[in-house]
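Presented below is the structure to which this report refers.
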Amino acid sequence: MAGLSVRVSAFSHQGGREYMEDFTQVLLERELGGPDRSILPSAVPGSVAAETETESRQQDAAQGGSYGQGFAGVFAVFDGHGGAEAAHFARDHLWDHIKKQRGFWSRDNEEVSAAIRKGFIACHYAMWKELPKWPKSPLGFPSTSGTTASVVLIRDGRLYVAHVGDSAVVLGVRDHPSQRTLQAEEVTQDHKPDAPSERQRIEGMGGSVMMKSGVSRVVWKRPRTTHSGPDRGGIIMDQIPFLSVARALGDLWSYDFCRGEFLVSPEPDVMVVTLDPRRHRYIILGSDGLWDMVPPQDAVTLCQAHDEALAPFAVATAHRLVSHALLRWRRQGLHADNTSAIVIALLQPGDAHRPLHRDEELLTLADLPEYTLSPHSDPPPPQGERARGHPTHRGHLPRLTALPVV
């Protein structure tokens, strides 16, 4: 779909948490065969990464891959746990691992989906090399850092969604172009340990799922560190109800050395949707800080109402959505979770001439220079709690600055 235009905004807030572990990502990638792409923006010329990705692009082109001058839009939300290290690593490296997989630049949905899965798993294993650098747990175990990942790729008029954990992606759609009211369609399903398929997978590997504080959790079987009795030649293992998601990147503590598998799986669900701007209006990505407070239909309705009431320099839609979630956290008397949202509005002919919200960008996924967008930092949370560790990240978008294409 040449010339597909979108309005995009991103926003994150630390909420009432001591640390910020959410990260958002918005970037554009020139598709295979752009005339002025001679090296890759993510790889140093002559490096193994550059050679691997170049080889995969050439192979895909030879097999009828996407060979044109357009751009792919990449949008992602990462919600970290056990520290921000895994989420930070995924934001910086997941896309690089995905795009260099053989088959990714093809036009075959199954090949692209398989490449995305392989990219997730490659990023996950790459975290092993980083693990010694990450802070250990309070009991001295290696880092337990992990992250959800909800990734949206818009390319060739198709929407690819890859997902692990309990962040989520929701579409705002209308059944007919003449219909005004938008309906929410949930593209992703949370990977919870008590979901029948996830429980069966975990228990089939010898793991277990237990309840703690009313929440089902994957059990971490780990050596007891406080055993002071006689040494009888065995290791006492504790069973700790630990993680409330069944799939994630990181969480290397869940590796079963006997089976060579992870109880907390890094393999994503991948979905493909053919986009129609007359029917598809919004793509909303959010961490659970958003979705725990704002049901999908409410989110879609809020985005539509905010855009239709557009005033010059109004706050971006993602900012409005996160602020609404934070208000609901406060009304319930709860400390808000880290809360992040990316809102992508697909434009119909004529929409591009409407004024933009503040901190919002208009992107056309064709004939663009190479761009990347990074979040800014935010002031301390409104509850007066100053963070120790990672600062709050604002996902709103700065003015686009072109990166040189060598």
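Ligands are numbered from 1 in the order shown, residues from 1 within each chain, and chains are lettered A, B, ... in the order they appear in the structure tokens.
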Practice task
Name the residues in contact with Ala90 (chain A) at a cut-off of 10 Å, using only C-alpha atoms, excluding same-chain residues fewer than 4 positions from it; report them as a list in words.
Solution key: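 My list of contacting residues is Phe23, Gln25, Ala76, Val77, Phe78, Gly80, Glu85, Ala86, Leu94, Trp95, Asp96, His97, Phe120, Cys123, His124, Ala126, Met127, Gly146, Thr147, Thr148, Ala149, Leu249 and Gly250 of chain A.
Each of A:Gly119, A:Thr364, A:Ala162, A:Ala246 was checked against Glu29 (chain A) using only C-alpha atoms; the smallest atom-to-atom distance is that of A:Thr364.
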Practice task
Write out as number ranges by chain all residues of region 174-287 of chain A that DSSP puts in helix (DSSP H, G or I) for this structure's backbone.
Solution key: A: 196-204, 252-254
Take the residues just selected and output them with N, CA and C atoms as a PDB file, in the first residue's frame.
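Saved as out18.pdb:
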ATOM      1  N   PRO A 196      -5.233 -22.321  29.823  1.00  0.00           N
ATOM      2  CA  PRO A 196      -5.081 -23.779  29.656  1.00  0.00           C
ATOM      3  C   PRO A 196      -3.884 -24.181  28.806  1.00  0.00           C
ATOM      4  N   SER A 197      -3.658 -23.508  27.687  1.00  0.00           N
ATOM      5  CA  SER A 197      -2.545 -23.898  26.817  1.00  0.00           C
ATOM      6  C   SER A 197      -1.201 -23.613  27.469  1.00  0.00           C
ATOM      7  N   GLU A 198      -1.106 -22.497  28.201  1.00  0.00           N
ATOM      8  CA  GLU A 198       0.153 -22.157  28.853  1.00  0.00           C
ATOM      9  C   GLU A 198       0.426 -23.078  30.045  1.00  0.00           C
ATOM     10  N   ARG A 199      -0.603 -23.356  30.827  1.00  0.00           N
ATOM     11  CA  ARG A 199      -0.424 -24.274  31.952  1.00  0.00           C
ATOM     12  C   ARG A 199       0.005 -25.655  31.467  1.00  0.00           C
ATOM     13  N   GLN A 200      -0.628 -26.112  30.394  1.00  0.00           N
ATOM     14  CA  GLN A 200      -0.278 -27.423  29.849  1.00  0.00           C
ATOM     15  C   GLN A 200       1.176 -27.444  29.373  1.00  0.00           C
ATOM     16  N   ARG A 201       1.609 -26.381  28.709  1.00  0.00           N
ATOM     17  CA  ARG A 201       2.991 -26.307  28.239  1.00  0.00           C
ATOM     18  C   ARG A 201       3.963 -26.316  29.410  1.00  0.00           C
ATOM     19  N   ILE A 202       3.687 -25.509  30.429  1.00  0.00           N
ATOM     20  CA  ILE A 202       4.586 -25.399  31.578  1.00  0.00           C
ATOM     21  C   ILE A 202       4.653 -26.717  32.353  1.00  0.00           C
ATOM     22  N   GLU A 203       3.504 -27.292  32.630  1.00  0.00           N
ATOM     23  CA  GLU A 203       3.487 -28.549  33.386  1.00  0.00           C
ATOM     24  C   GLU A 203       4.060 -29.701  32.571  1.00  0.00           C
ATOM     25  N   GLY A 204       3.919 -29.637  31.245  1.00  0.00           N
ATOM     26  CA  GLY A 204       4.504 -30.663  30.398  1.00  0.00           C
ATOM     27  C   GLY A 204       6.017 -30.655  30.416  1.00  0.00           C
ATOM     28  N   LEU A 252      15.725 -15.385  32.444  1.00  0.00           N
ATOM     29  CA  LEU A 252      16.616 -16.512  32.189  1.00  0.00           C
ATOM     30  C   LEU A 252      16.658 -17.484  33.354  1.00  0.00           C
ATOM     31  N   TRP A 253      16.134 -17.090  34.509  1.00  0.00           N
ATOM     32  CA  TRP A 253      16.023 -17.997  35.647  1.00  0.00           C
ATOM     33  C   TRP A 253      15.154 -19.192  35.321  1.00  0.00           C
ATOM     34  N   SER A 254      14.292 -19.066  34.311  1.00  0.00           N
ATOM     35  CA  SER A 254      13.317 -20.127  34.029  1.00  0.00           C
ATOM     36  C   SER A 254      13.873 -21.216  33.116  1.00  0.00           C
TER      37      SER A 254
END
Completion exercise
Closest of A:Arg320, A:His81, A:Arg7, A:Arg279 to Asp22 (chain A), counting only C-alpha atoms, is A:His81
Exercise for the section: May I ask which of the residues A:Val245, A:Val6, A:Ala87, A:Ile116 is the closest one to Gln101 (chain A), counting only C-alpha atoms? Expected result: A:Ile116
Problem - A:Leu4, A:Pro132, A:Asp92, A:Arg17 ranked by distance to Leu334 (chain A), top pick (using only C-alpha atoms) - result: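 Closest candidate: A:Arg17.
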Problem - Pairwise distance for CA of Arg217 (chain A) and CA of Phe242 (chain A), rounded to one decimal in Å - result: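 CA of Arg217 (chain A) sits 5.6 Å away from CA of Phe242 (chain A).
Closest approach to Leu243 (chain A) among A:Val315, A:Thr144, A:Thr339, A:Val169 is made by A:Thr144 (distances from only C-alpha atoms).
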Exercise for the section: Find the residue from A:Glu111, A:Phe89, A:Glu21, A:Gly165 that sits nearest to Leu131 (chain A); use only C-alpha atoms when measuring. Expected result: A:Phe89
